[in-house]
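Participant: Have a look at the structure that comes next, please.
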Amino acid sequence: MTSSFPHQNGTVPFWRLEPQGLDNFRSTPNLPDESDIVIIGGGYSAAALVTHIQKQYPNHPSILVLEARQLCSGASGRNGGHIKPDPYLHASEIAAEYGLAAGAEVADFEVANLNAAKEYIEREGVDCDFVVTRACDVHFSSSQDTRIKERLRNLKAAGVAAAQTVSEVGEDHAEIVSGVKGAKGCISYSAAHLWPYKLIHHMFTMALKHGSLNLQTNTCATSVLRATDAQFGWVIETNRGPVKAGKVIVASNSYTPALLPEYREQIIPYRAVSCHIETPSPAPLLVNTYALRFKDWDFDYLIPRPDGSIVVGGARSAYFREKGLWYNNTDDSEVIEETRKYFDGYMQRHFRGWENSGAKVSEIWTGIMGYSRDKLPRLGPIPGKPGMFIMAGWTGHGMPQIFLAAKGMAGMVVKDVPYHETGLPRVFEETADRLRNAPNKVLESWYQATQFPRL
Ligand SMILES: Cc1cc2nc3c(=O)[nH]c(=O)nc-3n(C[C@H](O)[C@H](O)[C@H](O)COP(=O)(O)OP(=O)(O)OC[C@H]3O[C@@H](n4cnc5c(N)ncnc54)[C@H](O)[C@@H]3O)c2cc1C
């Protein structure tokens, strides 16, 4: 399997069991001939971008959203439902490579995203099961716990604001405090969980009411070509005919390489699995969300739902070694078989008090993450393509980044605001240098994890 356009028969995630009204919506029966702004993709990125454009620029030009399948049927409709700003781990890696200020920017940006999304959801009264909680990152070896906490302490000592909100629990109390069997230490900080599909549906519903948006689902952009027209610099070919566009925003995340060949091996489709677990009667209450970090590359992410059920994803140890099962793989039509066994009895195995809960997987599904080659999102104008922008490459971590990324993108798209004036983290900017020289950290992690020699 190589990267391709979205598969027409994706597995059905728990979040999409009861599709809402816009799932197959088309604002007009025919595809418009032209639009000032065309956004390719109908997930959280597109929803947030339209929302911010409409709010910041009331007299903005026309917007057309093209979605290849149903609305929010990509990663945004298939994820773990976790908004988990990372205040220390990725930040310390970024600080080591790009300098402390760059790491601090990303950590603070993610915390600000959580607050901004919370503010939006509360102001709008969005019915999306949004709950603010503590994220609990659990370590299973003392050496891993020591190593990671050292990185956290360094950021705290350096004055990184986001890191100051993080608290540590040592080995003596880790298992009781976290509720996770075999915990050798844990770290906690503010996060949230929600029903992402409902949030995104709400955003599109409001955007359509505003009147400036034309939404076309089941419309796949198959190529983007330069046009000679002074007003409409691009022509987007679709399965329903061409559309002329003044500006194009590529928000197709993991599917971007199929549309733009220069993104092959830059944004890497990465197949992932999540599942929904239910119990026959109420099980012990989990008040935290979790990352169970077995190894640096092997971790699961878990949220408790307000109805007492669980959504958990990861299971990398079950399939990561077999590269073809996940790398450059856009097939979300089948569950990776190896993961079914992995999630069987998961809560009983890992959580204290759940042994006799009868917890069972009720739905399991596949989704495609868009891993950026250097593990950093890609935002802003695409070098060498005037009027074309990228908003993708979230590397499995878009939920605490997309809302405010869209705010910055809105200024770049509508008013040509330069990237450095948007307030977005500097390391997220798309550049010619990144496109040419970024190392493939996705493969590097795989070589390290599987102990294969580097090629
Ligand atoms: C299993 C799984 C679990 C995850 N868990 C979490 C989590 O708990 N927390 C977190 O922060 N992140 C998580 N993620 C990542 C997160 O879901 C993504 O970062 C985020 O949803 C990206 O949003 P997006 O709108 O950019 O992409 P998407 O939601 O993938 O939207 C892109 C859309 O573009 C459409 N499209 C693609 N190509 C074309 C085309 N040529 N023409 C028209 N339309 C096109 C697709 O159909 C899709 O709907 C997870 C991802 C997966 C797959």
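Residues in the structure tokens are named by chain (A, B, ... in the order shown) and by number from 1 within that chain; ligands are numbered from 1 in the order shown.
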Neighbours of Val160 (chain A) within 9 Å (only C-alpha atoms; same-chain residues fewer than 6 positions away dropped), as number ranges by chain?
Facilitator: A: 87-88, 100-101, 103-105, 107-108
Participant: Please save all heavy atoms of the selected residues as a JSON list (two decimals), in the first residue's frame.
Facilitator:
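The resulting out-v2.json:
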[["chain", "number", "residue", "atom", "x", "y", "z"],
["A", 87, "PRO", "N", 3.48, 19.67, 27.83],
["A", 87, "PRO", "CA", 4.25, 20.79, 28.37],
["A", 87, "PRO", "C", 5.72, 20.48, 28.64],
["A", 87, "PRO", "O", 6.44, 21.34, 29.16],
["A", 87, "PRO", "CB", 3.53, 21.09, 29.69],
["A", 87, "PRO", "CG", 2.89, 19.80, 30.08],
["A", 87, "PRO", "CD", 2.77, 18.94, 28.86],
["A", 88, "TYR", "N", 6.19, 19.27, 28.32],
["A", 88, "TYR", "CA", 7.58, 18.99, 28.70],
["A", 88, "TYR", "C", 8.33, 18.04, 27.76],
["A", 88, "TYR", "O", 9.51, 18.22, 27.52],
["A", 88, "TYR", "CB", 7.65, 18.43, 30.14],
["A", 88, "TYR", "CG", 7.03, 17.06, 30.30],
["A", 88, "TYR", "CD1", 7.82, 15.92, 30.35],
["A", 88, "TYR", "CD2", 5.66, 16.90, 30.36],
["A", 88, "TYR", "CE1", 7.26, 14.67, 30.48],
["A", 88, "TYR", "CE2", 5.09, 15.65, 30.49],
["A", 88, "TYR", "CZ", 5.88, 14.54, 30.55],
["A", 88, "TYR", "OH", 5.33, 13.30, 30.67],
["A", 100, "LEU", "N", 16.11, 26.71, 23.48],
["A", 100, "LEU", "CA", 15.10, 26.72, 24.55],
["A", 100, "LEU", "C", 13.87, 27.54, 24.16],
["A", 100, "LEU", "O", 12.73, 27.12, 24.41],
["A", 100, "LEU", "CB", 15.73, 27.30, 25.83],
["A", 100, "LEU", "CG", 14.78, 27.36, 27.01],
["A", 100, "LEU", "CD1", 14.39, 25.98, 27.50],
["A", 100, "LEU", "CD2", 15.39, 28.18, 28.15],
["A", 101, "ALA", "N", 14.09, 28.70, 23.53],
["A", 101, "ALA", "CA", 12.95, 29.57, 23.20],
["A", 101, "ALA", "C", 11.97, 28.84, 22.28],
["A", 101, "ALA", "O", 10.74, 28.95, 22.45],
["A", 101, "ALA", "CB", 13.44, 30.85, 22.55],
["A", 103, "GLY", "N", 11.47, 25.57, 22.03],
["A", 103, "GLY", "CA", 10.76, 24.55, 22.81],
["A", 103, "GLY", "C", 9.69, 25.16, 23.68],
["A", 103, "GLY", "O", 8.56, 24.65, 23.77],
["A", 104, "ALA", "N", 10.03, 26.27, 24.33],
["A", 104, "ALA", "CA", 9.07, 26.95, 25.22],
["A", 104, "ALA", "C", 7.87, 27.45, 24.42],
["A", 104, "ALA", "O", 6.72, 27.35, 24.87],
["A", 104, "ALA", "CB", 9.76, 28.12, 25.93],
["A", 105, "GLU", "N", 8.13, 27.97, 23.23],
["A", 105, "GLU", "CA", 7.03, 28.46, 22.38],
["A", 105, "GLU", "C", 6.01, 27.38, 22.11],
["A", 105, "GLU", "O", 4.81, 27.60, 22.19],
["A", 105, "GLU", "CB", 7.61, 28.89, 21.02],
["A", 105, "GLU", "CG", 7.86, 30.36, 20.86],
["A", 105, "GLU", "CD", 8.60, 30.65, 19.56],
["A", 105, "GLU", "OE1", 8.41, 29.94, 18.54],
["A", 105, "GLU", "OE2", 9.39, 31.58, 19.59],
["A", 107, "ALA", "N", 5.48, 24.50, 23.80],
["A", 107, "ALA", "CA", 4.80, 24.06, 25.02],
["A", 107, "ALA", "C", 3.72, 25.08, 25.42],
["A", 107, "ALA", "O", 2.57, 24.72, 25.72],
["A", 107, "ALA", "CB", 5.81, 23.87, 26.14],
["A", 108, "ASP", "N", 4.08, 26.35, 25.40],
["A", 108, "ASP", "CA", 3.12, 27.40, 25.81],
["A", 108, "ASP", "C", 1.97, 27.49, 24.80],
["A", 108, "ASP", "O", 0.82, 27.74, 25.18],
["A", 108, "ASP", "CB", 3.83, 28.75, 25.94],
["A", 108, "ASP", "CG", 4.83, 28.75, 27.11],
["A", 108, "ASP", "OD1", 4.75, 27.85, 27.96],
["A", 108, "ASP", "OD2", 5.70, 29.65, 27.14]]
Participant: As a PDB file with C-alpha atoms, in the first residue's frame, which residues of region 327-365 of chain A does DSSP assign to strand (DSSP E or B)?
Facilitator:
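Generated output (selection.pdb):
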ATOM      1  CA  TYR A 327       4.275   3.448   7.224  1.00  0.00           C
ATOM      2  CA  PHE A 351      -5.952  -0.728  35.906  1.00  0.00           C
ATOM      3  CA  LYS A 360     -14.824  -5.378  26.632  1.00  0.00           C
ATOM      4  CA  VAL A 361     -13.997  -3.719  23.339  1.00  0.00           C
ATOM      5  CA  SER A 362     -17.258  -2.611  21.723  1.00  0.00           C
ATOM      6  CA  GLU A 363     -15.825  -0.833  18.627  1.00  0.00           C
ATOM      7  CA  ILE A 364     -12.358  -0.832  17.126  1.00  0.00           C
ATOM      8  CA  TRP A 365     -11.268   1.246  14.145  1.00  0.00           C
TER       9      TRP A 365
END
Participant: Do a neighbour search on region 92-99 of chain A at 10 Å with only C-alpha atoms, toss out local chain neighbours closer than 6 positions, and write the hits as a list in words.
Facilitator: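 The residues satisfying every condition are Glu105, Val106, Ala107, Ile148, Arg151, Leu152, Asn154, Leu155, Lys375, Leu376, Arg426 and Val427 of chain A.
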Participant: Please list as a PyMOL selection string every residue within 6 Å of region 77-84 of chain A, counting only C-alpha atoms and excluding residues in the same chain fewer than 5 positions away.
Facilitator: chain A and resi 13+72+191-197+367+399-400
Participant: Let me see if you get this right: every residue at most 6 Å from ligand 1, counting only C-alpha atoms and all ligand atoms, written as number ranges by chain.
Facilitator: A: 5-6, 40-46, 66-69, 72-76, 78-83, 219-222, 251-253, 255, 259, 272-274, 366-369, 392, 394, 396-400
Participant: Would you mind writing down, as a PyMOL selection string, each residue of region 19-75 of chain A that DSSP on the backbone assigns to helix (DSSP H, G or I)?
Facilitator: chain A and resi 44-56+75
Participant: From the options A:Asp23, A:Glu237, A:Asp36, A:Asp307, which residue's atoms come nearest to His202 (chain A), counting only C-alpha atoms?
Facilitator: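 Closest to His202 (chain A) of all the choices is A:Asp23.
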Participant: Do a neighbour search on region 290-295 of chain A at 10 Å with only C-alpha atoms, toss out local chain neighbours closer than 5 positions, and write the hits as a PyMOL selection string.
Facilitator: chain A and resi 82+84+134-141+144-145+178+180+183+186-188+191+300-304+312-314+317+350+449
Participant: Could you dump the residues just selected with N, CA and C atoms as an mmCIF file, in the first residue's frame?
Facilitator:
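Contents of the output file result-v3.cif:
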data_model
loop_
_atom_site.group_PDB
_atom_site.id
_atom_site.type_symbol
_atom_site.label_atom_id
_atom_site.label_comp_id
_atom_site.auth_asym_id
_atom_site.auth_seq_id
_atom_site.Cartn_x
_atom_site.Cartn_y
_atom_site.Cartn_z
ATOM 1 N N HIS A 82 -8.594 13.144 22.762
ATOM 2 C CA HIS A 82 -7.734 13.672 23.822
ATOM 3 C C HIS A 82 -7.157 15.013 23.389
ATOM 4 N N LYS A 84 -4.418 17.101 24.653
ATOM 5 C CA LYS A 84 -3.392 16.880 25.661
ATOM 6 C C LYS A 84 -2.169 17.723 25.339
ATOM 7 N N ARG A 134 -6.929 16.097 34.381
ATOM 8 C CA ARG A 134 -5.463 15.994 34.437
ATOM 9 C C ARG A 134 -5.047 14.830 33.541
ATOM 10 N N ALA A 135 -4.014 15.067 32.758
ATOM 11 C CA ALA A 135 -3.402 13.967 32.006
ATOM 12 C C ALA A 135 -2.369 13.328 32.919
ATOM 13 N N CYS A 136 -2.345 12.009 32.954
ATOM 14 C CA CYS A 136 -1.381 11.305 33.795
ATOM 15 C C CYS A 136 -0.499 10.444 32.889
ATOM 16 N N ASP A 137 0.784 10.787 32.806
ATOM 17 C CA ASP A 137 1.734 10.023 31.988
ATOM 18 C C ASP A 137 2.444 9.022 32.901
ATOM 19 N N VAL A 138 2.277 7.750 32.616
ATOM 20 C CA VAL A 138 2.774 6.708 33.514
ATOM 21 C C VAL A 138 4.012 6.048 32.916
ATOM 22 N N HIS A 139 5.036 5.854 33.759
ATOM 23 C CA HIS A 139 6.271 5.190 33.319
ATOM 24 C C HIS A 139 6.387 3.833 34.006
ATOM 25 N N PHE A 140 6.960 2.883 33.289
ATOM 26 C CA PHE A 140 7.007 1.516 33.822
ATOM 27 C C PHE A 140 8.407 1.052 34.181
ATOM 28 N N SER A 141 9.381 1.952 34.075
ATOM 29 C CA SER A 141 10.703 1.584 34.608
ATOM 30 C C SER A 141 11.284 2.814 35.298
ATOM 31 N N GLN A 144 13.469 5.003 33.036
ATOM 32 C CA GLN A 144 12.704 5.863 32.127
ATOM 33 C C GLN A 144 12.123 7.047 32.908
ATOM 34 N N ASP A 145 11.591 6.749 34.099
ATOM 35 C CA ASP A 145 10.985 7.796 34.931
ATOM 36 C C ASP A 145 12.018 8.869 35.287
ATOM 37 N N SER A 178 -1.901 6.855 40.304
ATOM 38 C CA SER A 178 -2.318 6.725 38.899
ATOM 39 C C SER A 178 -3.409 5.673 38.727
ATOM 40 N N VAL A 180 -2.637 2.699 37.983
ATOM 41 C CA VAL A 180 -2.111 1.825 36.926
ATOM 42 C C VAL A 180 -1.142 0.809 37.537
ATOM 43 N N ALA A 183 3.095 0.843 37.843
ATOM 44 C CA ALA A 183 3.621 2.195 37.582
ATOM 45 C C ALA A 183 4.852 2.439 38.454
ATOM 46 N N CYS A 186 4.972 8.773 37.780
ATOM 47 C CA CYS A 186 4.071 9.422 36.820
ATOM 48 C C CYS A 186 4.173 10.939 36.913
ATOM 49 N N ILE A 187 3.588 11.555 35.908
ATOM 50 C CA ILE A 187 3.665 13.005 35.748
ATOM 51 C C ILE A 187 2.261 13.460 35.374
ATOM 52 N N SER A 188 1.785 14.569 35.978
ATOM 53 C CA SER A 188 0.432 14.991 35.600
ATOM 54 C C SER A 188 0.346 16.478 35.290
ATOM 55 N N ALA A 191 -5.349 18.833 30.944
ATOM 56 C CA ALA A 191 -5.712 18.373 29.603
ATOM 57 C C ALA A 191 -7.238 18.358 29.525
ATOM 58 N N ASP A 300 0.397 4.020 24.909
ATOM 59 C CA ASP A 300 -1.037 4.064 24.624
ATOM 60 C C ASP A 300 -1.596 5.363 25.205
ATOM 61 N N TYR A 301 -2.665 5.859 24.591
ATOM 62 C CA TYR A 301 -3.339 7.057 25.097
ATOM 63 C C TYR A 301 -4.770 6.673 25.413
ATOM 64 N N LEU A 302 -5.292 7.184 26.505
ATOM 65 C CA LEU A 302 -6.589 6.698 26.986
ATOM 66 C C LEU A 302 -7.384 7.840 27.596
ATOM 67 N N ILE A 303 -8.677 7.866 27.279
ATOM 68 C CA ILE A 303 -9.567 8.824 27.977
ATOM 69 C C ILE A 303 -10.754 8.071 28.574
ATOM 70 N N PRO A 304 -11.203 8.518 29.766
ATOM 71 C CA PRO A 304 -12.478 8.015 30.272
ATOM 72 C C PRO A 304 -13.584 8.885 29.682
ATOM 73 N N VAL A 312 -9.368 4.135 23.989
ATOM 74 C CA VAL A 312 -7.915 3.942 24.120
ATOM 75 C C VAL A 312 -7.328 3.624 22.748
ATOM 76 N N GLY A 313 -6.151 4.167 22.501
ATOM 77 C CA GLY A 313 -5.486 3.914 21.228
ATOM 78 C C GLY A 313 -4.005 3.664 21.440
ATOM 79 N N GLY A 314 -3.364 3.201 20.405
ATOM 80 C CA GLY A 314 -1.915 2.933 20.477
ATOM 81 C C GLY A 314 -1.625 1.548 19.950
ATOM 82 N N SER A 317 3.119 -1.870 20.007
ATOM 83 C CA SER A 317 3.960 -3.069 20.155
ATOM 84 C C SER A 317 3.378 -4.237 19.360
ATOM 85 N N HIS A 350 -4.318 -3.545 33.070
ATOM 86 C CA HIS A 350 -3.534 -2.367 33.447
ATOM 87 C C HIS A 350 -4.095 -1.541 34.607
ATOM 88 N N ALA A 449 13.797 1.759 17.476
ATOM 89 C CA ALA A 449 12.884 0.890 18.228
ATOM 90 C C ALA A 449 13.072 -0.565 17.859
#
Participant: Just to confirm, what's the straight-line distance from CA of Met206 (chain A) to CA of Pro29 (chain A) in Å (one decimal)?
Facilitator: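 A separation of 20.2 Å between them.
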Participant: Measuring atom to atom with only C-alpha atoms, identify which of A:Arg316, A:Lys407, A:His90, A:Arg305 is nearest to His52 (chain A).
Facilitator: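 Under the stated criterion, the closest residue is A:Lys407.
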Participant: Would you mind telling me which residue in A:Met388, A:Ile63, A:Val111, A:Ala359 lies nearest to Ile402 (chain A) when using only C-alpha atoms?
Facilitator: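 The closest residue to Ile402 (chain A) is A:Val111.
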Participant: Would you list the contacts of Val50 (chain A) as number ranges by chain, taking every protein, DNA or RNA residue within 8 Å and counting only C-alpha atoms, but skipping same-chain residues closer than 2 positions in sequence?
Facilitator: A: 46-48, 52-54, 63, 207, 213, 410
Participant: Give me, as a list in words, all polymer residues having an atom no more than 9 Å from Val126 (chain A), counting only C-alpha atoms and skipping those fewer than 3 positions away in the same chain.
Facilitator: Tyr120, Ile121, Glu122, Arg123, Asp129, Phe130, Lys198, Leu199, His202 and Met203 of chain A
Participant: Okay, now the selection with C-alpha atoms, as a PDB file, in the first residue's frame?
Facilitator:
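In the end it all went to again.pdb:
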ATOM      1  CA  TYR A 120     -14.825  28.636  22.379  1.00  0.00           C
ATOM      2  CA  ILE A 121     -16.723  25.516  23.478  1.00  0.00           C
ATOM      3  CA  GLU A 122     -18.112  27.230  26.591  1.00  0.00           C
ATOM      4  CA  ARG A 123     -19.021  30.454  24.795  1.00  0.00           C
ATOM      5  CA  ASP A 129     -18.826  16.036  26.073  1.00  0.00           C
ATOM      6  CA  PHE A 130     -15.917  18.395  26.792  1.00  0.00           C
ATOM      7  CA  LYS A 198     -19.468  16.865  17.533  1.00  0.00           C
ATOM      8  CA  LEU A 199     -17.196  19.899  17.972  1.00  0.00           C
ATOM      9  CA  HIS A 202     -20.819  22.400  15.336  1.00  0.00           C
ATOM     10  CA  MET A 203     -18.100  24.562  13.802  1.00  0.00           C
TER      11      MET A 203
END
Participant: From the list A:Ser333, A:Thr228, A:Gln20, A:Ser142, which residue is nearest Ile200 (chain A) when using only C-alpha atoms?
Facilitator: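 So, comparing all the options, the nearest one is A:Gln20.
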Participant: Could you check which of A:Val177, A:Ile336, A:Met391, A:Val287 is closest to Thr256 (chain A), using only C-alpha atoms?
Facilitator: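 Nearest candidate to Thr256 (chain A) out of A:Val177, A:Ile336, A:Met391, A:Val287: A:Met391.
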